[in-house]
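This report concerns only the one structure given below.
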Amino acid sequence: MTGRRRTAFPRPFQFLIGTAAAGALLLSGCGVLPGGPGGSGEPVTVMTWAPDRVDDADAVSMPGVPAMARTYARWINEQGGIDGRELRVITCDERDTAAGAERCARQAVDRKVAAVVGSYSRHGQGAIPVLESGGIPYIGGYGASDEEFRSYLSYPVNGGQSALLAGHGRQLAGGCERVALVRPDSLGGARMPQLLNTGLLAAQRPRTTDILAPENATSYDEQAARALERRAGGSCVTAVLGTRTETFFDSFRRLEPEGDQVRISSVLGSVSQPLIDRTGGRRSPFEGAYITGWYPDAGDARWNGMREVIRKYAFGDNRIDPNDAGVQTTWIAYTALRAVVAAIGDDTITANKVTSSLNRGTEVDTGGLTPVLRWRFKDLLGTSPYPRIVNTDVTFQVVREGRLIAQKQGFVDVAETLSNARRTVG
């Protein structure tokens with residue numbers, strides 16, 4: 001603690017500012033949320049970006065991410081800010097394009113933000129080099145691009161899709177005699193069998209049957225038929241196709257013989273609670289599916305703090321779904337920012353000071369939502385192609401009565417599986 005006088009920012013002022021910021025965001029695609037007046041140190045200005053208004057039917061929209069960042073700012077500023085400092089959040093709509101991601105990154109550099117926090121982008125190749133050129137750290141992005149796990153200025157809070165797949169092989173090994181994997185016919189998809197196989201082989205299960213699929217298909221009847229050809233007692237089918245995972249399982253369930261249900265599975269990002277809700281809840285095609293995630297299931301009491309903040313400070317913003325992994329990751333990323341700013345202790349918070357604090361090993365306690373996070377050199381997994389991973393824990397979940405719940409209590413550490421994956425012959 002610094003002993004500085006803390007100022008509680010009045011809530012009515014917060015509401016007016018939040019409303020103005022939302023209007024600016026709608027007009028320009030980018031907005032700023034001042035937290036409130038005063039404060040005993042200089043304001044801390046950060047950016048959060050994510051796709052919001054998108055034009056392509058295959059684009060990903062994550063409006064809950066910047067909305068959660070603004071909600072966090074309203075809450076923390078009413079508590080007196082971060083260690084007495086007002087938190088200001090600039091938001092940017094990157095529209096799920098490489099050009100949009102680069103534009104947001106350039107704005108972050110131009111505005112001299114202390115960090116980019118809790119964002120979502122599949123276009124790290126456009127954004128991360130710009131941040132590196134400006135010396136801006138990237139804290140707790142969703143993990144949707146490989147650059148987040150390679151850049152020396154990236155501080156991820158989860159293990160990305162690589163950790164999910166490594167863990168998914170271990171999850172499936174417990175109940176599947178054989179596994180068929182339906183995955184994109186792409187460079188990124190080519191690594192998936194290797195990661196899944198490492199977990200399967202460790203449990204003396206056979207390698208997965210690898211079924212390639214086009215990324216933007218409107219039907220996957222051919223791939224579903226191939227997966228069903230190989231069904232037998234104890235067989236499972238997993239699909240990791242991002243936004244097209246739903247399309248595949250529609251094809252799969254339609255072709256599946258009546259009364260002959262095969263266990264299906266996927267990972268977070270391809271299947272989520274909002275998707276399950278939207279496709280019928282307990283009548284969803286995902287009922288009974290095994291899912292590997294990063295964090296405790298959404299019903300876990302460790303999320304109560306976040307849920308209470310959303311209830312009080314989101315003002316009924318229906319873009320914020322507390323069950324969504326993007327919203328959850330943003331909450332964790334801002335928890336990390338809060339710990340880092342408090343540890344710095346100076347009146348002025350800069351990107352260089354944030355980076356130095358992170359590299360020195362500032363600890364981030366997320367209340368059990370992740371292990372305690374630190375990004376010292378010795379904390380990094382250090383394995384190509386994901387050297388920046390520090391959190392190698394995943395959770396095993398299952399869809400029951402339309403809800404994602406824990407299949408296995410606690411976390412499963414997949415550090416060894418990730419390290420061994422490079423030596424596995426796919």
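Letters for chains follow the order of the structure tokens (A, B, ...), residue numbers begin at 1 for each chain, and ligand numbers begin at 1 in the order shown.
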*Skipping near chain neighbours, those fewer than 3 positions away, what residues fall within 12 Å of Gly299 of chain A using only C-alpha atoms, listed as a list of chain:residue names?*
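The residues satisfying every condition are A:Gln273, A:Tyr295, A:Pro296, A:Arg302, A:Trp303, A:Asn304, A:Met306, A:Arg307, A:Pro322, A:Asn323, A:Asp324, A:Gln397, A:Arg403, A:Leu404, A:Ile405, A:Ala406.
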Write to file, as an mmCIF file, in the first residue's frame, the residues of the selection just made, with C-alpha atoms.
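In the end it all went to part-v3.cif:
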```
data_model
loop_
_atom_site.group_PDB
_atom_site.id
_atom_site.type_symbol
_atom_site.label_atom_id
_atom_site.label_comp_id
_atom_site.auth_asym_id
_atom_site.auth_seq_id
_atom_site.Cartn_x
_atom_site.Cartn_y
_atom_site.Cartn_z
ATOM 1 C CA GLN A 273 -22.127 -21.996 -22.936
ATOM 2 C CA TYR A 295 -11.060 -21.869 -16.224
ATOM 3 C CA PRO A 296 -13.551 -23.262 -13.678
ATOM 4 C CA ARG A 302 -15.011 -18.233 -7.809
ATOM 5 C CA TRP A 303 -16.808 -16.226 -10.501
ATOM 6 C CA ASN A 304 -19.182 -14.599 -7.990
ATOM 7 C CA MET A 306 -17.175 -10.861 -11.452
ATOM 8 C CA ARG A 307 -20.891 -11.610 -11.620
ATOM 9 C CA PRO A 322 -20.589 -13.935 -17.629
ATOM 10 C CA ASN A 323 -20.543 -17.443 -19.127
ATOM 11 C CA ASP A 324 -18.491 -16.263 -22.113
ATOM 12 C CA GLN A 397 -16.064 -30.163 -18.331
ATOM 13 C CA ARG A 403 -25.048 -26.590 -18.774
ATOM 14 C CA LEU A 404 -21.274 -26.848 -18.859
ATOM 15 C CA ILE A 405 -20.284 -28.313 -15.509
ATOM 16 C CA ALA A 406 -17.107 -29.795 -14.096
#
```
*Tell me which protein, DNA and RNA residues are within 8 Å of segment 128-141 of chain A, counting only C-alpha atoms, leaving out same-chain ones fewer than 4 positions away, and put them as a PyMOL selection string.*
chain A and resi 102+105-106+108-109+112-121+124+147-148+151+153-158+329-330+332-333+336-337+351-352+354-355
Could you take the residues named above and write them with N, CA and C atoms, as a compact mmCIF listing (two decimals), in the first residue's frame?
```
# COMPACT_ATOMS: atom_id res chain seq x y z
N GLU A 102 -4.30 -3.98 -36.84
CA GLU A 102 -3.15 -3.09 -36.95
C GLU A 102 -3.55 -1.65 -36.61
N ALA A 105 -3.82 -1.31 -32.86
CA ALA A 105 -2.49 -1.32 -32.26
C ALA A 105 -1.79 0.02 -32.45
N ARG A 106 -1.95 0.61 -33.63
CA ARG A 106 -1.32 1.91 -33.88
C ARG A 106 -1.94 2.99 -33.01
N ALA A 108 -3.14 2.45 -30.04
CA ALA A 108 -2.59 2.22 -28.70
C ALA A 108 -1.21 2.86 -28.56
N VAL A 109 -0.38 2.73 -29.60
CA VAL A 109 0.96 3.34 -29.56
C VAL A 109 0.84 4.85 -29.58
N LYS A 112 -0.11 6.26 -26.36
CA LYS A 112 0.87 5.95 -25.30
C LYS A 112 0.20 5.25 -24.12
N VAL A 113 -0.63 4.24 -24.40
CA VAL A 113 -1.29 3.52 -23.32
C VAL A 113 -0.26 2.72 -22.52
N ALA A 114 -0.60 2.43 -21.28
CA ALA A 114 0.30 1.65 -20.43
C ALA A 114 0.29 0.18 -20.80
N ALA A 115 -0.79 -0.30 -21.41
CA ALA A 115 -0.88 -1.71 -21.81
C ALA A 115 -2.14 -1.88 -22.66
N VAL A 116 -2.15 -2.93 -23.47
CA VAL A 116 -3.38 -3.44 -24.07
C VAL A 116 -3.80 -4.62 -23.20
N VAL A 117 -5.05 -4.60 -22.75
CA VAL A 117 -5.49 -5.53 -21.71
C VAL A 117 -6.74 -6.29 -22.15
N GLY A 118 -6.72 -7.61 -21.94
CA GLY A 118 -7.93 -8.42 -22.05
C GLY A 118 -8.63 -8.37 -23.39
N SER A 119 -7.90 -8.36 -24.47
CA SER A 119 -8.48 -8.17 -25.79
C SER A 119 -8.67 -9.48 -26.53
N TYR A 120 -9.34 -9.40 -27.68
CA TYR A 120 -9.53 -10.56 -28.56
C TYR A 120 -9.17 -10.16 -29.98
N SER A 121 -8.30 -10.95 -30.61
CA SER A 121 -8.01 -10.78 -32.02
C SER A 121 -7.43 -12.06 -32.58
N GLY A 124 -3.06 -11.47 -34.69
CA GLY A 124 -1.89 -11.03 -33.96
C GLY A 124 -0.74 -10.64 -34.86
N GLU A 147 0.88 -15.36 -32.10
CA GLU A 147 1.80 -14.30 -31.69
C GLU A 147 1.67 -13.98 -30.21
N GLU A 148 0.51 -14.22 -29.63
CA GLU A 148 0.32 -13.96 -28.21
C GLU A 148 1.18 -14.86 -27.34
N SER A 151 5.48 -13.40 -28.53
CA SER A 151 6.04 -12.06 -28.39
C SER A 151 6.60 -11.83 -26.99
N LEU A 153 6.63 -9.17 -25.48
CA LEU A 153 5.80 -8.21 -24.78
C LEU A 153 4.39 -8.73 -24.52
N SER A 154 4.18 -10.02 -24.71
CA SER A 154 2.87 -10.62 -24.45
C SER A 154 2.89 -11.37 -23.13
N TYR A 155 1.83 -11.20 -22.35
CA TYR A 155 1.72 -11.81 -21.03
C TYR A 155 0.37 -12.53 -20.93
N PRO A 156 0.28 -13.72 -21.54
CA PRO A 156 -1.01 -14.43 -21.61
C PRO A 156 -1.41 -14.98 -20.24
N VAL A 157 -2.73 -15.07 -20.03
CA VAL A 157 -3.24 -15.59 -18.76
C VAL A 157 -3.73 -17.02 -18.89
N ASN A 158 -3.80 -17.54 -20.13
CA ASN A 158 -4.15 -18.95 -20.33
C ASN A 158 -3.18 -19.57 -21.33
N THR A 329 -11.94 -13.93 -19.56
CA THR A 329 -10.53 -13.64 -19.75
C THR A 329 -10.25 -12.16 -19.53
N THR A 330 -11.17 -11.30 -19.95
CA THR A 330 -11.00 -9.86 -19.73
C THR A 330 -10.99 -9.54 -18.24
N ILE A 332 -9.99 -11.53 -15.83
CA ILE A 332 -8.71 -12.01 -15.30
C ILE A 332 -7.57 -11.08 -15.72
N ALA A 333 -7.61 -10.60 -16.97
CA ALA A 333 -6.55 -9.71 -17.45
C ALA A 333 -6.54 -8.40 -16.67
N ALA A 336 -4.97 -8.86 -13.40
CA ALA A 336 -3.51 -8.81 -13.53
C ALA A 336 -3.03 -7.36 -13.60
N LEU A 337 -3.70 -6.54 -14.39
CA LEU A 337 -3.31 -5.13 -14.46
C LEU A 337 -3.36 -4.47 -13.08
N ALA A 351 4.07 2.29 -20.00
CA ALA A 351 4.22 0.94 -20.57
C ALA A 351 5.53 0.32 -20.13
N ASN A 352 6.59 1.09 -20.08
CA ASN A 352 7.89 0.56 -19.68
C ASN A 352 7.87 0.08 -18.24
N VAL A 354 5.19 -0.94 -16.57
CA VAL A 354 4.35 -2.14 -16.52
C VAL A 354 5.16 -3.36 -16.97
N THR A 355 5.88 -3.21 -18.08
CA THR A 355 6.69 -4.32 -18.59
C THR A 355 7.75 -4.74 -17.60
```
*Would you list, as a PyMOL selection string, the residues of segment 102-168 of chain A that end up in helix (DSSP H, G or I) under DSSP run on this structure's backbone?*
chain A and resi 102-110+124-134+146-149+160-168
Next, the residues of the selection above should be written as a compact mmCIF listing (two decimals), in the first residue's frame with N, CA and C atoms.
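Okay, this is what ended up in result.txt:
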```
# COMPACT_ATOMS: atom_id res chain seq x y z
N GLU A 102 -4.30 -3.98 -36.84
CA GLU A 102 -3.15 -3.09 -36.95
C GLU A 102 -3.55 -1.65 -36.61
N ARG A 103 -4.73 -1.25 -37.06
CA ARG A 103 -5.21 0.10 -36.76
C ARG A 103 -5.36 0.32 -35.26
N CYS A 104 -5.94 -0.65 -34.57
CA CYS A 104 -6.11 -0.53 -33.12
C CYS A 104 -4.76 -0.48 -32.42
N ALA A 105 -3.82 -1.31 -32.86
CA ALA A 105 -2.49 -1.32 -32.26
C ALA A 105 -1.79 0.02 -32.45
N ARG A 106 -1.95 0.61 -33.63
CA ARG A 106 -1.32 1.91 -33.88
C ARG A 106 -1.94 2.99 -33.01
N GLN A 107 -3.24 2.88 -32.79
CA GLN A 107 -3.88 3.84 -31.89
C GLN A 107 -3.36 3.68 -30.47
N ALA A 108 -3.14 2.45 -30.04
CA ALA A 108 -2.59 2.22 -28.70
C ALA A 108 -1.21 2.86 -28.56
N VAL A 109 -0.38 2.73 -29.60
CA VAL A 109 0.96 3.34 -29.56
C VAL A 109 0.84 4.85 -29.58
N ASP A 110 0.00 5.39 -30.45
CA ASP A 110 -0.16 6.84 -30.55
C ASP A 110 -0.67 7.44 -29.24
N GLY A 124 -3.06 -11.47 -34.69
CA GLY A 124 -1.89 -11.03 -33.96
C GLY A 124 -0.74 -10.64 -34.86
N GLN A 125 -0.67 -11.24 -36.05
CA GLN A 125 0.42 -10.92 -36.96
C GLN A 125 0.35 -9.47 -37.42
N GLY A 126 -0.84 -8.86 -37.37
CA GLY A 126 -0.98 -7.46 -37.74
C GLY A 126 -0.80 -6.52 -36.56
N ALA A 127 -1.17 -6.98 -35.36
CA ALA A 127 -1.19 -6.10 -34.19
C ALA A 127 0.08 -6.16 -33.34
N ILE A 128 0.56 -7.37 -33.06
CA ILE A 128 1.64 -7.52 -32.09
C ILE A 128 2.93 -6.83 -32.52
N PRO A 129 3.37 -6.92 -33.79
CA PRO A 129 4.59 -6.19 -34.17
C PRO A 129 4.48 -4.68 -33.97
N VAL A 130 3.28 -4.12 -34.16
CA VAL A 130 3.09 -2.69 -33.93
C VAL A 130 3.26 -2.36 -32.45
N LEU A 131 2.70 -3.20 -31.58
CA LEU A 131 2.87 -3.00 -30.15
C LEU A 131 4.33 -3.11 -29.76
N GLU A 132 5.03 -4.09 -30.34
CA GLU A 132 6.45 -4.24 -30.04
C GLU A 132 7.24 -3.00 -30.44
N SER A 133 6.91 -2.42 -31.58
CA SER A 133 7.63 -1.23 -32.03
C SER A 133 7.41 -0.05 -31.08
N GLY A 134 6.25 -0.02 -30.42
CA GLY A 134 5.95 1.05 -29.49
C GLY A 134 6.22 0.71 -28.04
N ASP A 146 -1.26 -17.08 -32.55
CA ASP A 146 0.02 -17.64 -32.10
C ASP A 146 0.96 -16.58 -31.56
N GLU A 147 0.88 -15.36 -32.10
CA GLU A 147 1.80 -14.30 -31.69
C GLU A 147 1.67 -13.98 -30.21
N GLU A 148 0.51 -14.22 -29.63
CA GLU A 148 0.32 -13.96 -28.21
C GLU A 148 1.18 -14.86 -27.34
N PHE A 149 1.62 -15.99 -27.89
CA PHE A 149 2.42 -16.92 -27.11
C PHE A 149 3.88 -16.93 -27.55
N GLY A 160 -3.99 -20.90 -24.30
CA GLY A 160 -4.45 -20.88 -25.67
C GLY A 160 -5.00 -22.22 -26.13
N GLN A 161 -5.22 -22.32 -27.43
CA GLN A 161 -5.78 -23.55 -27.98
C GLN A 161 -4.83 -24.73 -27.82
N SER A 162 -3.52 -24.48 -27.82
CA SER A 162 -2.55 -25.58 -27.67
C SER A 162 -2.75 -26.31 -26.35
N ALA A 163 -2.93 -25.56 -25.26
CA ALA A 163 -3.16 -26.19 -23.97
C ALA A 163 -4.48 -26.95 -23.95
N LEU A 164 -5.50 -26.38 -24.59
CA LEU A 164 -6.81 -27.05 -24.64
C LEU A 164 -6.71 -28.39 -25.35
N LEU A 165 -6.03 -28.42 -26.49
CA LEU A 165 -5.92 -29.67 -27.25
C LEU A 165 -5.07 -30.69 -26.51
N ALA A 166 -3.98 -30.24 -25.90
CA ALA A 166 -3.15 -31.16 -25.12
C ALA A 166 -3.96 -31.77 -23.98
N GLY A 167 -4.75 -30.93 -23.33
CA GLY A 167 -5.59 -31.44 -22.25
C GLY A 167 -6.74 -32.29 -22.75
N HIS A 168 -7.25 -31.95 -23.94
CA HIS A 168 -8.40 -32.69 -24.46
C HIS A 168 -8.05 -34.15 -24.74
```
*Distance query Arg226 of chain A at most 12 Å, only C-alpha atoms, self and fewer than 2 positions along chain excluded, as a VMD selection string*: chain A and resid 180 to 182 209 to 213 220 to 224 228 to 231 237 251 to 252 255 to 256
*Atom pair atom CA of Trp294 of chain A / atom CA of Ile76 of chain A: separation (Å)*: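 Answer for the atom CA of Trp294 of chain A to atom CA of Ile76 of chain A separation: 25.0 Å.
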How close does segment 51-127 of chain A get to segment 311-314 of chain A? List, as CSV, each residue of segment 51-127 of chain A within 9 Å, its nearest atom pair and the distance in Å to one decimal, counting only C-alpha atoms.
```
residue,atom,partner,partner_atom,distance
A:Ala67,CA,A:Ala314,CA,7.9
A:Met68,CA,A:Ala314,CA,7.8
A:Arg70,CA,A:Ala314,CA,8.3
A:Thr71,CA,A:Ala314,CA,5.4
A:Tyr72,CA,A:Tyr313,CA,7.9
A:Arg74,CA,A:Tyr313,CA,6.5
A:Trp75,CA,A:Tyr313,CA,6.2
```
*Pick from A:Gly402, A:Pro257, A:Arg263, A:Gly368: nearest to Leu275 of chain A, with only C-alpha atoms counted?*
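Among the listed residues, the smallest separation from Leu275 of chain A belongs to A:Gly402.
Distance check against Val65 of chain A using only C-alpha atoms: of A:Ala99, A:Val414, A:Ile310, A:Ala325, the minimum falls on A:Ala325.
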*Atomic distance atom CA of Glu177 of chain A - atom CA of Cys236 of chain A, expressed in Å with one decimal*: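 So the two atoms, atom CA of Glu177 of chain A and atom CA of Cys236 of chain A, lie 7.7 Å apart.
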*Near Thr362 of chain A, counting only C-alpha atoms, which residues have an atom at most 7 Å away, once you skip same-chain residues fewer than 2 positions from it, shown as number ranges by chain?*
A: 340, 357-358, 360, 364, 374
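Here atom CA of Pro214 of chain A is placed at a distance of 24.9 Å from atom CA of Gly100 of chain A.
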